[in-house]
Amino acid sequence: MDDTNGFEFVAIDVETANPKRGSICSIGLTVVENGAVAASRSWLCRPPGPLAYFEPLQVGIHGIDERRVADAPAFGAVLGDVRTVIGDRPVVAHNAAFDLGALRAACEADHVRPPTLEFGCTRVWTKRELDLADHRLPTVAGTLGVALLRHHDAAEDARVCAEVLLKLAAKRGSRTVHEFARATGTRLGRLGPGSWDGCRVVPGRG
């Protein structure tokens with residue numbers, strides 16, 4: 001029996017147009033059901049109004065510029081689809097402080113309510129589980145044998161994040177995100193209207 005059967009969560013990755021964290025121009029989601037990747041989806045979007053400009057450093061990283069999002073929906077329009085895909089599942093990101101922080105900042109800039117959700121961080125978890133020189137997504141993926149074909153493509157990075165967690169959970173024999181968090185001495189973060197608490201190590205646990 002696969003120890004990850006029953007595992008359900010949504011992995012998320014965002015790309016930003018400039019150094020402002022809320023300048024989201026792309027969102028990728030990967031849905032995991034019954035311990036396996038069930039679906040992936042990504043969106044291009046125009047960043048929230050005050051943050052809707054692109055800078056060369058970020059464009060050089062992900063290849064998205066003004067022309068690619070010119071006909072894309074605004075961030076606020078995409079957010080509804082993102083909420084629907086996530087539903088009531090926990091969310092996971094690699095460096096969740098960035099990705100979920102960006103989601104929060106984009107909602108603030110666009111004057112919309114952020115989704116209410118729990119989230120975990122595979123970067124926090126790989127620091128607990130893997131002795132590596134660094135814990136960047138390419139390093140972690142290579143160590144665990146997860147193919148990463150297009151780093152900084154939001155859909156691809158979300159898929160890799162999902163597969164990283166499934167690999168880590170299988171080693172622990174954990175069957176839910178909450179169970180895995182407890183096994184690693186961590187707790188999930190929380191995002192909601194007016195609230196923010198990061199995924200972190202619990203002192204004295206694990």
# chains A, B, ... in the order shown; residues from 1 in each chain; ligands from 1

$ select_by_dssp --residues "chain A" --states "strand (DSSP E)" --output "VMD selection string"
chain A and resid 9 to 16 24 to 33 36 to 44 91 to 93 117 to 121 186 to 187 189 to 192 195 to 197 200 to 201

$ write_last_selection --atoms "N, CA and C atoms" --output "short mmCIF file (atom, residue, chain, number, x, y, z; two decimals), in the first residue's frame"
data_model
loop_
_atom_site.label_atom_id
_atom_site.label_comp_id
_atom_site.auth_asym_id
_atom_site.auth_seq_id
_atom_site.Cartn_x
_atom_site.Cartn_y
_atom_site.Cartn_z
N PHE A 9 -3.82 17.89 -1.19
CA PHE A 9 -3.38 19.27 -1.02
C PHE A 9 -3.24 19.91 -2.39
N VAL A 10 -2.99 21.22 -2.40
CA VAL A 10 -2.74 21.94 -3.63
C VAL A 10 -1.40 22.66 -3.51
N ALA A 11 -0.48 22.39 -4.42
CA ALA A 11 0.79 23.10 -4.46
C ALA A 11 0.63 24.36 -5.30
N ILE A 12 1.26 25.44 -4.87
CA ILE A 12 1.14 26.72 -5.56
C ILE A 12 2.51 27.33 -5.81
N ASP A 13 2.63 28.02 -6.93
CA ASP A 13 3.82 28.82 -7.22
C ASP A 13 3.37 30.09 -7.92
N VAL A 14 4.00 31.21 -7.58
CA VAL A 14 3.69 32.47 -8.27
C VAL A 14 4.97 33.08 -8.80
N GLU A 15 4.83 33.85 -9.86
CA GLU A 15 5.92 34.65 -10.40
C GLU A 15 5.51 36.12 -10.34
N THR A 16 6.47 36.99 -10.11
CA THR A 16 6.15 38.41 -9.95
C THR A 16 6.82 39.24 -11.04
N ILE A 24 2.04 39.93 -8.83
CA ILE A 24 1.89 38.60 -9.42
C ILE A 24 1.48 38.70 -10.89
N CYS A 25 2.23 37.98 -11.73
CA CYS A 25 1.91 37.95 -13.16
C CYS A 25 1.64 36.53 -13.65
N SER A 26 1.86 35.54 -12.79
CA SER A 26 1.59 34.14 -13.15
C SER A 26 1.37 33.33 -11.88
N ILE A 27 0.39 32.43 -11.94
CA ILE A 27 0.08 31.55 -10.82
C ILE A 27 -0.04 30.13 -11.37
N GLY A 28 0.61 29.18 -10.70
CA GLY A 28 0.49 27.78 -11.06
C GLY A 28 -0.02 26.97 -9.88
N LEU A 29 -0.92 26.03 -10.14
CA LEU A 29 -1.45 25.15 -9.10
C LEU A 29 -1.34 23.70 -9.55
N THR A 30 -1.00 22.83 -8.61
CA THR A 30 -1.03 21.39 -8.86
C THR A 30 -1.87 20.75 -7.76
N VAL A 31 -2.88 20.01 -8.16
CA VAL A 31 -3.80 19.36 -7.23
C VAL A 31 -3.33 17.92 -7.00
N VAL A 32 -3.19 17.56 -5.74
CA VAL A 32 -2.86 16.18 -5.36
C VAL A 32 -4.08 15.56 -4.69
N GLU A 33 -4.50 14.41 -5.20
CA GLU A 33 -5.62 13.66 -4.63
C GLU A 33 -5.20 12.21 -4.49
N ALA A 36 -1.47 11.31 -5.27
CA ALA A 36 -0.89 11.43 -6.61
C ALA A 36 -1.33 12.74 -7.25
N VAL A 37 -0.50 13.23 -8.16
CA VAL A 37 -0.86 14.44 -8.89
C VAL A 37 -2.07 14.16 -9.77
N ALA A 38 -3.13 14.95 -9.57
CA ALA A 38 -4.38 14.74 -10.30
C ALA A 38 -4.58 15.76 -11.41
N ALA A 39 -4.07 16.98 -11.22
CA ALA A 39 -4.29 18.03 -12.22
C ALA A 39 -3.33 19.17 -11.97
N SER A 40 -3.01 19.89 -13.03
CA SER A 40 -2.19 21.10 -12.93
C SER A 40 -2.84 22.17 -13.79
N ARG A 41 -2.70 23.42 -13.34
CA ARG A 41 -3.24 24.54 -14.11
C ARG A 41 -2.41 25.77 -13.82
N SER A 42 -2.32 26.65 -14.80
CA SER A 42 -1.62 27.91 -14.57
C SER A 42 -2.35 29.04 -15.29
N TRP A 43 -2.12 30.25 -14.81
CA TRP A 43 -2.71 31.45 -15.39
C TRP A 43 -1.65 32.52 -15.54
N LEU A 44 -1.70 33.27 -16.63
CA LEU A 44 -1.04 34.55 -16.70
C LEU A 44 -2.04 35.59 -16.25
N VAL A 91 -2.68 24.15 1.36
CA VAL A 91 -1.82 24.61 0.26
C VAL A 91 -0.37 24.42 0.67
N VAL A 92 0.47 24.11 -0.31
CA VAL A 92 1.90 23.92 -0.06
C VAL A 92 2.68 24.69 -1.11
N ALA A 93 3.79 25.31 -0.70
CA ALA A 93 4.67 26.01 -1.64
C ALA A 93 6.11 25.79 -1.22
N LEU A 117 -6.91 30.06 4.25
CA LEU A 117 -6.33 28.74 4.02
C LEU A 117 -5.18 28.45 4.98
N GLU A 118 -4.88 27.16 5.09
CA GLU A 118 -3.69 26.69 5.80
C GLU A 118 -2.63 26.36 4.76
N PHE A 119 -1.36 26.57 5.12
CA PHE A 119 -0.31 26.28 4.14
C PHE A 119 0.94 25.73 4.81
N GLY A 120 1.62 24.88 4.04
CA GLY A 120 2.90 24.34 4.46
C GLY A 120 3.99 24.78 3.51
N CYS A 121 5.24 24.51 3.89
CA CYS A 121 6.38 24.97 3.11
C CYS A 121 7.38 23.84 2.92
N THR A 186 6.79 20.66 12.96
CA THR A 186 6.42 21.96 12.40
C THR A 186 4.91 22.15 12.52
N ARG A 187 4.49 23.35 12.23
CA ARG A 187 3.06 23.63 12.16
C ARG A 187 2.76 24.38 10.88
N GLY A 189 1.14 27.16 8.37
CA GLY A 189 0.82 28.57 8.44
C GLY A 189 -0.64 28.80 8.13
N ARG A 190 -1.07 30.03 8.35
CA ARG A 190 -2.47 30.39 8.09
C ARG A 190 -2.53 31.77 7.43
N LEU A 191 -3.37 31.85 6.43
CA LEU A 191 -3.63 33.12 5.74
C LEU A 191 -5.11 33.37 5.74
N GLY A 192 -5.49 34.60 5.98
CA GLY A 192 -6.90 34.97 5.93
C GLY A 192 -7.03 36.47 5.99
N SER A 195 -5.17 38.30 8.78
CA SER A 195 -4.35 37.37 9.57
C SER A 195 -3.25 36.76 8.73
N TRP A 196 -2.14 36.48 9.38
CA TRP A 196 -0.99 35.84 8.73
C TRP A 196 -0.14 35.17 9.78
N ASP A 197 0.17 33.90 9.59
CA ASP A 197 1.08 33.18 10.47
C ASP A 197 1.81 32.17 9.60
N ARG A 200 6.17 27.05 10.30
CA ARG A 200 7.41 27.17 11.05
C ARG A 200 7.66 25.96 11.94
N VAL A 201 8.89 25.87 12.41
CA VAL A 201 9.29 24.85 13.36
C VAL A 201 8.69 25.19 14.72
#

$ select_by_dssp --residues "region 6-197 of chain A" --states "helix (DSSP H, G or I)" --output "short mmCIF file (atom, residue, chain, number, x, y, z; two decimals) with N, CA, C and O atoms, in the first residue's frame"
data_model
loop_
_atom_site.label_atom_id
_atom_site.label_comp_id
_atom_site.auth_asym_id
_atom_site.auth_seq_id
_atom_site.Cartn_x
_atom_site.Cartn_y
_atom_site.Cartn_z
N GLY A 49 -3.15 46.96 -10.17
CA GLY A 49 -2.88 48.27 -10.76
C GLY A 49 -1.63 48.99 -10.32
O GLY A 49 -0.77 49.30 -11.16
N PRO A 50 -1.44 49.26 -9.02
CA PRO A 50 -0.26 50.03 -8.61
C PRO A 50 1.05 49.27 -8.78
O PRO A 50 2.12 49.86 -8.71
N LEU A 51 0.96 47.95 -9.03
CA LEU A 51 2.16 47.12 -9.16
C LEU A 51 2.33 46.59 -10.58
O LEU A 51 3.15 45.70 -10.81
N PRO A 56 13.52 44.32 -15.62
CA PRO A 56 14.35 43.38 -16.37
C PRO A 56 14.79 42.15 -15.58
O PRO A 56 14.86 41.06 -16.14
N LEU A 57 15.11 42.31 -14.30
CA LEU A 57 15.59 41.17 -13.52
C LEU A 57 14.53 40.07 -13.47
O LEU A 57 14.83 38.90 -13.74
N GLN A 58 13.31 40.45 -13.15
CA GLN A 58 12.25 39.45 -13.05
C GLN A 58 11.89 38.87 -14.43
O GLN A 58 11.69 37.66 -14.55
N VAL A 59 11.85 39.72 -15.44
CA VAL A 59 11.57 39.22 -16.80
C VAL A 59 12.64 38.22 -17.23
O VAL A 59 12.35 37.19 -17.84
N GLY A 60 13.89 38.50 -16.88
CA GLY A 60 14.97 37.60 -17.22
C GLY A 60 14.87 36.26 -16.53
O GLY A 60 15.36 35.24 -17.03
N ILE A 61 14.23 36.23 -15.36
CA ILE A 61 14.08 34.98 -14.61
C ILE A 61 12.99 34.09 -15.21
O ILE A 61 13.20 32.89 -15.43
N HIS A 62 11.81 34.67 -15.48
CA HIS A 62 10.69 33.84 -15.91
C HIS A 62 10.23 34.08 -17.35
O HIS A 62 9.42 33.31 -17.88
N GLU A 66 5.30 42.61 -20.33
CA GLU A 66 4.03 43.29 -20.56
C GLU A 66 3.26 42.71 -21.74
O GLU A 66 2.03 42.60 -21.70
N ARG A 67 3.98 42.35 -22.80
CA ARG A 67 3.30 41.86 -23.99
C ARG A 67 2.58 40.54 -23.72
O ARG A 67 1.49 40.30 -24.25
N ARG A 68 3.18 39.69 -22.89
CA ARG A 68 2.57 38.38 -22.65
C ARG A 68 1.32 38.46 -21.79
O ARG A 68 0.47 37.56 -21.84
N VAL A 69 1.19 39.52 -20.99
CA VAL A 69 0.00 39.63 -20.14
C VAL A 69 -0.98 40.68 -20.65
O VAL A 69 -2.01 40.94 -20.02
N PHE A 75 -5.35 40.23 -12.05
CA PHE A 75 -5.14 39.33 -10.91
C PHE A 75 -6.44 39.04 -10.19
O PHE A 75 -6.74 37.88 -9.87
N GLY A 76 -7.23 40.07 -9.91
CA GLY A 76 -8.47 39.87 -9.17
C GLY A 76 -9.43 38.91 -9.84
O GLY A 76 -10.15 38.17 -9.17
N ALA A 77 -9.44 38.90 -11.18
CA ALA A 77 -10.31 37.98 -11.91
C ALA A 77 -9.81 36.55 -11.81
O ALA A 77 -10.59 35.60 -11.69
N VAL A 78 -8.50 36.37 -11.83
CA VAL A 78 -7.92 35.03 -11.72
C VAL A 78 -8.09 34.47 -10.32
O VAL A 78 -8.23 33.25 -10.13
N LEU A 79 -8.10 35.33 -9.32
CA LEU A 79 -8.16 34.88 -7.93
C LEU A 79 -9.38 34.00 -7.67
O LEU A 79 -9.30 33.03 -6.91
N GLY A 80 -10.51 34.31 -8.31
CA GLY A 80 -11.70 33.49 -8.12
C GLY A 80 -11.48 32.05 -8.58
O GLY A 80 -11.90 31.10 -7.90
N ASP A 81 -10.81 31.88 -9.72
CA ASP A 81 -10.51 30.53 -10.20
C ASP A 81 -9.54 29.82 -9.26
O ASP A 81 -9.67 28.62 -9.02
N VAL A 82 -8.57 30.56 -8.75
CA VAL A 82 -7.61 29.97 -7.81
C VAL A 82 -8.32 29.47 -6.56
O VAL A 82 -8.07 28.35 -6.08
N ARG A 83 -9.23 30.28 -6.02
CA ARG A 83 -9.99 29.86 -4.84
C ARG A 83 -10.76 28.58 -5.12
O ARG A 83 -10.83 27.67 -4.29
N THR A 84 -11.38 28.50 -6.30
CA THR A 84 -12.20 27.35 -6.65
C THR A 84 -11.36 26.08 -6.72
O THR A 84 -11.76 25.02 -6.21
N VAL A 85 -10.20 26.16 -7.35
CA VAL A 85 -9.33 24.99 -7.46
C VAL A 85 -8.85 24.54 -6.09
O VAL A 85 -8.84 23.34 -5.78
N ILE A 86 -8.47 25.49 -5.24
CA ILE A 86 -7.95 25.13 -3.91
C ILE A 86 -9.06 24.53 -3.05
O ILE A 86 -8.85 23.53 -2.36
N ALA A 96 7.14 29.13 1.05
CA ALA A 96 5.78 29.63 1.17
C ALA A 96 5.72 31.07 1.66
O ALA A 96 4.77 31.78 1.35
N ALA A 97 6.72 31.49 2.42
CA ALA A 97 6.72 32.88 2.88
C ALA A 97 6.68 33.83 1.69
O ALA A 97 6.04 34.89 1.75
N PHE A 98 7.34 33.45 0.59
CA PHE A 98 7.29 34.28 -0.61
C PHE A 98 5.96 34.13 -1.34
O PHE A 98 5.26 35.10 -1.61
N ASP A 99 5.60 32.89 -1.69
CA ASP A 99 4.43 32.68 -2.54
C ASP A 99 3.13 33.10 -1.86
O ASP A 99 2.30 33.79 -2.47
N LEU A 100 2.93 32.68 -0.62
CA LEU A 100 1.71 33.07 0.07
C LEU A 100 1.76 34.52 0.51
O LEU A 100 0.72 35.21 0.54
N GLY A 101 2.97 35.02 0.80
CA GLY A 101 3.12 36.44 1.08
C GLY A 101 2.79 37.28 -0.13
O GLY A 101 2.18 38.35 -0.03
N ALA A 102 3.16 36.80 -1.32
CA ALA A 102 2.84 37.50 -2.56
C ALA A 102 1.34 37.51 -2.79
O ALA A 102 0.75 38.53 -3.21
N LEU A 103 0.69 36.39 -2.53
CA LEU A 103 -0.76 36.32 -2.69
C LEU A 103 -1.44 37.31 -1.76
O LEU A 103 -2.37 38.04 -2.16
N ARG A 104 -0.99 37.36 -0.54
CA ARG A 104 -1.55 38.30 0.43
C ARG A 104 -1.33 39.75 -0.03
O ARG A 104 -2.26 40.57 0.01
N ALA A 105 -0.11 40.07 -0.47
CA ALA A 105 0.21 41.44 -0.88
C ALA A 105 -0.58 41.84 -2.13
O ALA A 105 -1.00 42.99 -2.27
N ALA A 106 -0.76 40.90 -3.05
CA ALA A 106 -1.52 41.20 -4.27
C ALA A 106 -2.98 41.49 -3.92
O ALA A 106 -3.60 42.39 -4.51
N CYS A 107 -3.53 40.74 -2.99
CA CYS A 107 -4.91 40.99 -2.56
C CYS A 107 -5.03 42.38 -1.93
O CYS A 107 -5.99 43.11 -2.19
N GLU A 108 -4.05 42.73 -1.11
CA GLU A 108 -4.07 44.05 -0.49
C GLU A 108 -3.99 45.15 -1.56
O GLU A 108 -4.73 46.13 -1.50
N ALA A 109 -3.10 44.97 -2.53
CA ALA A 109 -2.94 45.98 -3.58
C ALA A 109 -4.18 46.10 -4.45
O ALA A 109 -4.49 47.19 -4.96
N ASP A 110 -4.91 44.99 -4.60
CA ASP A 110 -6.10 44.97 -5.45
C ASP A 110 -7.38 45.21 -4.66
O ASP A 110 -8.48 45.19 -5.22
N THR A 122 7.59 23.41 1.68
CA THR A 122 8.55 22.33 1.45
C THR A 122 9.99 22.79 1.69
O THR A 122 10.86 21.96 1.93
N ARG A 123 10.24 24.07 1.63
CA ARG A 123 11.58 24.55 1.97
C ARG A 123 11.85 24.38 3.46
O ARG A 123 12.92 23.92 3.86
N VAL A 124 10.90 24.75 4.29
CA VAL A 124 11.02 24.51 5.73
C VAL A 124 11.19 23.02 5.99
O VAL A 124 12.05 22.60 6.78
N TRP A 125 10.40 22.20 5.31
CA TRP A 125 10.43 20.77 5.57
C TRP A 125 11.71 20.11 5.07
O TRP A 125 12.25 19.22 5.72
N THR A 126 12.21 20.52 3.91
CA THR A 126 13.45 19.90 3.44
C THR A 126 14.63 20.29 4.31
O THR A 126 15.58 19.52 4.44
N LYS A 127 14.58 21.45 4.93
CA LYS A 127 15.63 21.82 5.88
C LYS A 127 15.62 20.88 7.08
O LYS A 127 16.68 20.62 7.68
N ARG A 128 14.44 20.36 7.43
CA ARG A 128 14.33 19.41 8.53
C ARG A 128 14.73 18.00 8.11
O ARG A 128 15.28 17.24 8.91
N GLU A 129 14.46 17.67 6.86
CA GLU A 129 14.57 16.28 6.42
C GLU A 129 15.81 15.95 5.61
O GLU A 129 16.21 14.79 5.54
N LEU A 137 14.77 24.91 -4.85
CA LEU A 137 13.95 23.88 -5.48
C LEU A 137 14.75 22.99 -6.44
O LEU A 137 14.59 21.76 -6.41
N PRO A 138 15.63 23.53 -7.30
CA PRO A 138 16.40 22.64 -8.18
C PRO A 138 17.28 21.65 -7.41
O PRO A 138 17.41 20.49 -7.81
N THR A 139 17.88 22.11 -6.32
CA THR A 139 18.74 21.22 -5.52
C THR A 139 17.92 20.12 -4.88
O THR A 139 18.29 18.94 -4.91
N VAL A 140 16.79 20.48 -4.30
CA VAL A 140 15.92 19.51 -3.64
C VAL A 140 15.37 18.51 -4.65
O VAL A 140 15.38 17.29 -4.43
N ALA A 141 14.90 19.02 -5.80
CA ALA A 141 14.36 18.14 -6.82
C ALA A 141 15.40 17.14 -7.31
O ALA A 141 15.12 15.94 -7.44
N GLY A 142 16.61 17.61 -7.56
CA GLY A 142 17.68 16.72 -8.01
C GLY A 142 18.01 15.66 -6.99
O GLY A 142 18.24 14.49 -7.33
N THR A 143 18.03 16.04 -5.72
CA THR A 143 18.34 15.09 -4.66
C THR A 143 17.28 14.00 -4.55
O THR A 143 17.61 12.83 -4.31
N LEU A 144 16.02 14.36 -4.74
CA LEU A 144 14.92 13.41 -4.58
C LEU A 144 14.54 12.71 -5.89
O LEU A 144 13.63 11.88 -5.90
N ALA A 154 5.49 28.72 -13.50
CA ALA A 154 4.69 28.54 -12.28
C ALA A 154 4.06 27.16 -12.20
O ALA A 154 4.04 26.54 -11.13
N ALA A 155 3.54 26.64 -13.31
CA ALA A 155 2.91 25.32 -13.29
C ALA A 155 3.94 24.24 -12.99
O ALA A 155 3.68 23.30 -12.22
N GLU A 156 5.12 24.34 -13.61
CA GLU A 156 6.17 23.35 -13.40
C GLU A 156 6.68 23.37 -11.97
O GLU A 156 6.85 22.32 -11.33
N ASP A 157 6.91 24.54 -11.44
CA ASP A 157 7.42 24.62 -10.06
C ASP A 157 6.39 24.12 -9.06
O ASP A 157 6.75 23.49 -8.06
N ALA A 158 5.11 24.37 -9.32
CA ALA A 158 4.07 23.85 -8.44
C ALA A 158 4.03 22.33 -8.48
O ALA A 158 3.90 21.66 -7.44
N ARG A 159 4.15 21.76 -9.68
CA ARG A 159 4.17 20.29 -9.79
C ARG A 159 5.35 19.70 -9.04
O ARG A 159 5.21 18.70 -8.31
N VAL A 160 6.52 20.29 -9.22
CA VAL A 160 7.72 19.77 -8.54
C VAL A 160 7.57 19.88 -7.03
O VAL A 160 7.91 18.96 -6.29
N CYS A 161 7.05 20.99 -6.55
CA CYS A 161 6.80 21.15 -5.13
C CYS A 161 5.89 20.03 -4.62
O CYS A 161 6.15 19.43 -3.56
N ALA A 162 4.82 19.73 -5.36
CA ALA A 162 3.91 18.66 -4.96
C ALA A 162 4.62 17.32 -4.88
O ALA A 162 4.45 16.56 -3.92
N GLU A 163 5.44 17.02 -5.88
CA GLU A 163 6.13 15.73 -5.89
C GLU A 163 7.18 15.65 -4.80
O GLU A 163 7.43 14.57 -4.23
N VAL A 164 7.81 16.77 -4.47
CA VAL A 164 8.77 16.80 -3.36
C VAL A 164 8.07 16.42 -2.06
O VAL A 164 8.56 15.59 -1.29
N LEU A 165 6.91 17.02 -1.80
CA LEU A 165 6.21 16.69 -0.57
C LEU A 165 5.79 15.23 -0.54
O LEU A 165 5.91 14.57 0.50
N LEU A 166 5.32 14.71 -1.65
CA LEU A 166 4.93 13.30 -1.68
C LEU A 166 6.11 12.39 -1.38
O LEU A 166 5.97 11.39 -0.67
N LYS A 167 7.29 12.73 -1.90
CA LYS A 167 8.49 11.94 -1.62
C LYS A 167 8.84 11.99 -0.13
O LYS A 167 9.16 10.98 0.50
N LEU A 168 8.81 13.19 0.43
CA LEU A 168 9.15 13.35 1.85
C LEU A 168 8.13 12.63 2.73
O LEU A 168 8.50 11.98 3.72
N ALA A 169 6.86 12.75 2.39
CA ALA A 169 5.82 12.12 3.19
C ALA A 169 5.91 10.60 3.14
O ALA A 169 5.66 9.92 4.15
N ALA A 170 6.28 10.06 1.99
CA ALA A 170 6.43 8.61 1.87
C ALA A 170 7.52 8.10 2.79
O ALA A 170 7.39 7.03 3.40
N LYS A 171 8.60 8.86 2.92
CA LYS A 171 9.70 8.46 3.82
C LYS A 171 9.23 8.43 5.27
O LYS A 171 9.69 7.61 6.06
N ARG A 172 8.34 9.33 5.62
CA ARG A 172 7.82 9.42 6.99
C ARG A 172 6.63 8.50 7.22
O ARG A 172 6.24 8.26 8.36
N VAL A 177 -1.18 16.14 5.14
CA VAL A 177 -0.26 17.25 5.35
C VAL A 177 -0.12 17.56 6.83
O VAL A 177 0.99 17.80 7.33
N HIS A 178 -1.22 17.53 7.57
CA HIS A 178 -1.17 17.81 9.00
C HIS A 178 -0.32 16.78 9.74
O HIS A 178 0.46 17.11 10.64
N GLU A 179 -0.48 15.52 9.36
CA GLU A 179 0.29 14.46 9.99
C GLU A 179 1.78 14.63 9.70
O GLU A 179 2.62 14.45 10.59
N PHE A 180 2.11 15.00 8.48
CA PHE A 180 3.50 15.21 8.12
C PHE A 180 4.09 16.39 8.89
O PHE A 180 5.22 16.34 9.37
N ALA A 181 3.32 17.47 9.03
CA ALA A 181 3.79 18.62 9.78
C ALA A 181 4.11 18.22 11.23
O ALA A 181 5.17 18.59 11.76
N ARG A 182 3.23 17.46 11.84
CA ARG A 182 3.49 17.03 13.22
C ARG A 182 4.73 16.16 13.28
O ARG A 182 5.56 16.29 14.20
N ALA A 183 4.90 15.26 12.31
CA ALA A 183 6.04 14.33 12.32
C ALA A 183 7.37 15.07 12.17
O ALA A 183 8.40 14.59 12.65
#

$ atom_distance --atom1 "CA of Asp65 (chain A)" --atom2 "CA of Asp153 (chain A)"
13.4 Å

$ atom_distance --atom1 "CA of Pro19 (chain A)" --atom2 "CA of Leu130 (chain A)"
29.5 Å

$ atom_distance --atom1 "CA of Ala70 (chain A)" --atom2 "CA of Arg46 (chain A)"
7.3 Å

$ closest_residue --among "A:Asn34, A:His94, A:Arg113, A:Pro47" --to "Ala72 (chain A)" --atoms "only C-alpha atoms"
A:Pro47

$ closest_residue --among "A:Gly22, A:Gly35, A:Pro114, A:Gly194" --to "Ser174 (chain A)" --atoms "only C-alpha atoms"
A:Gly35
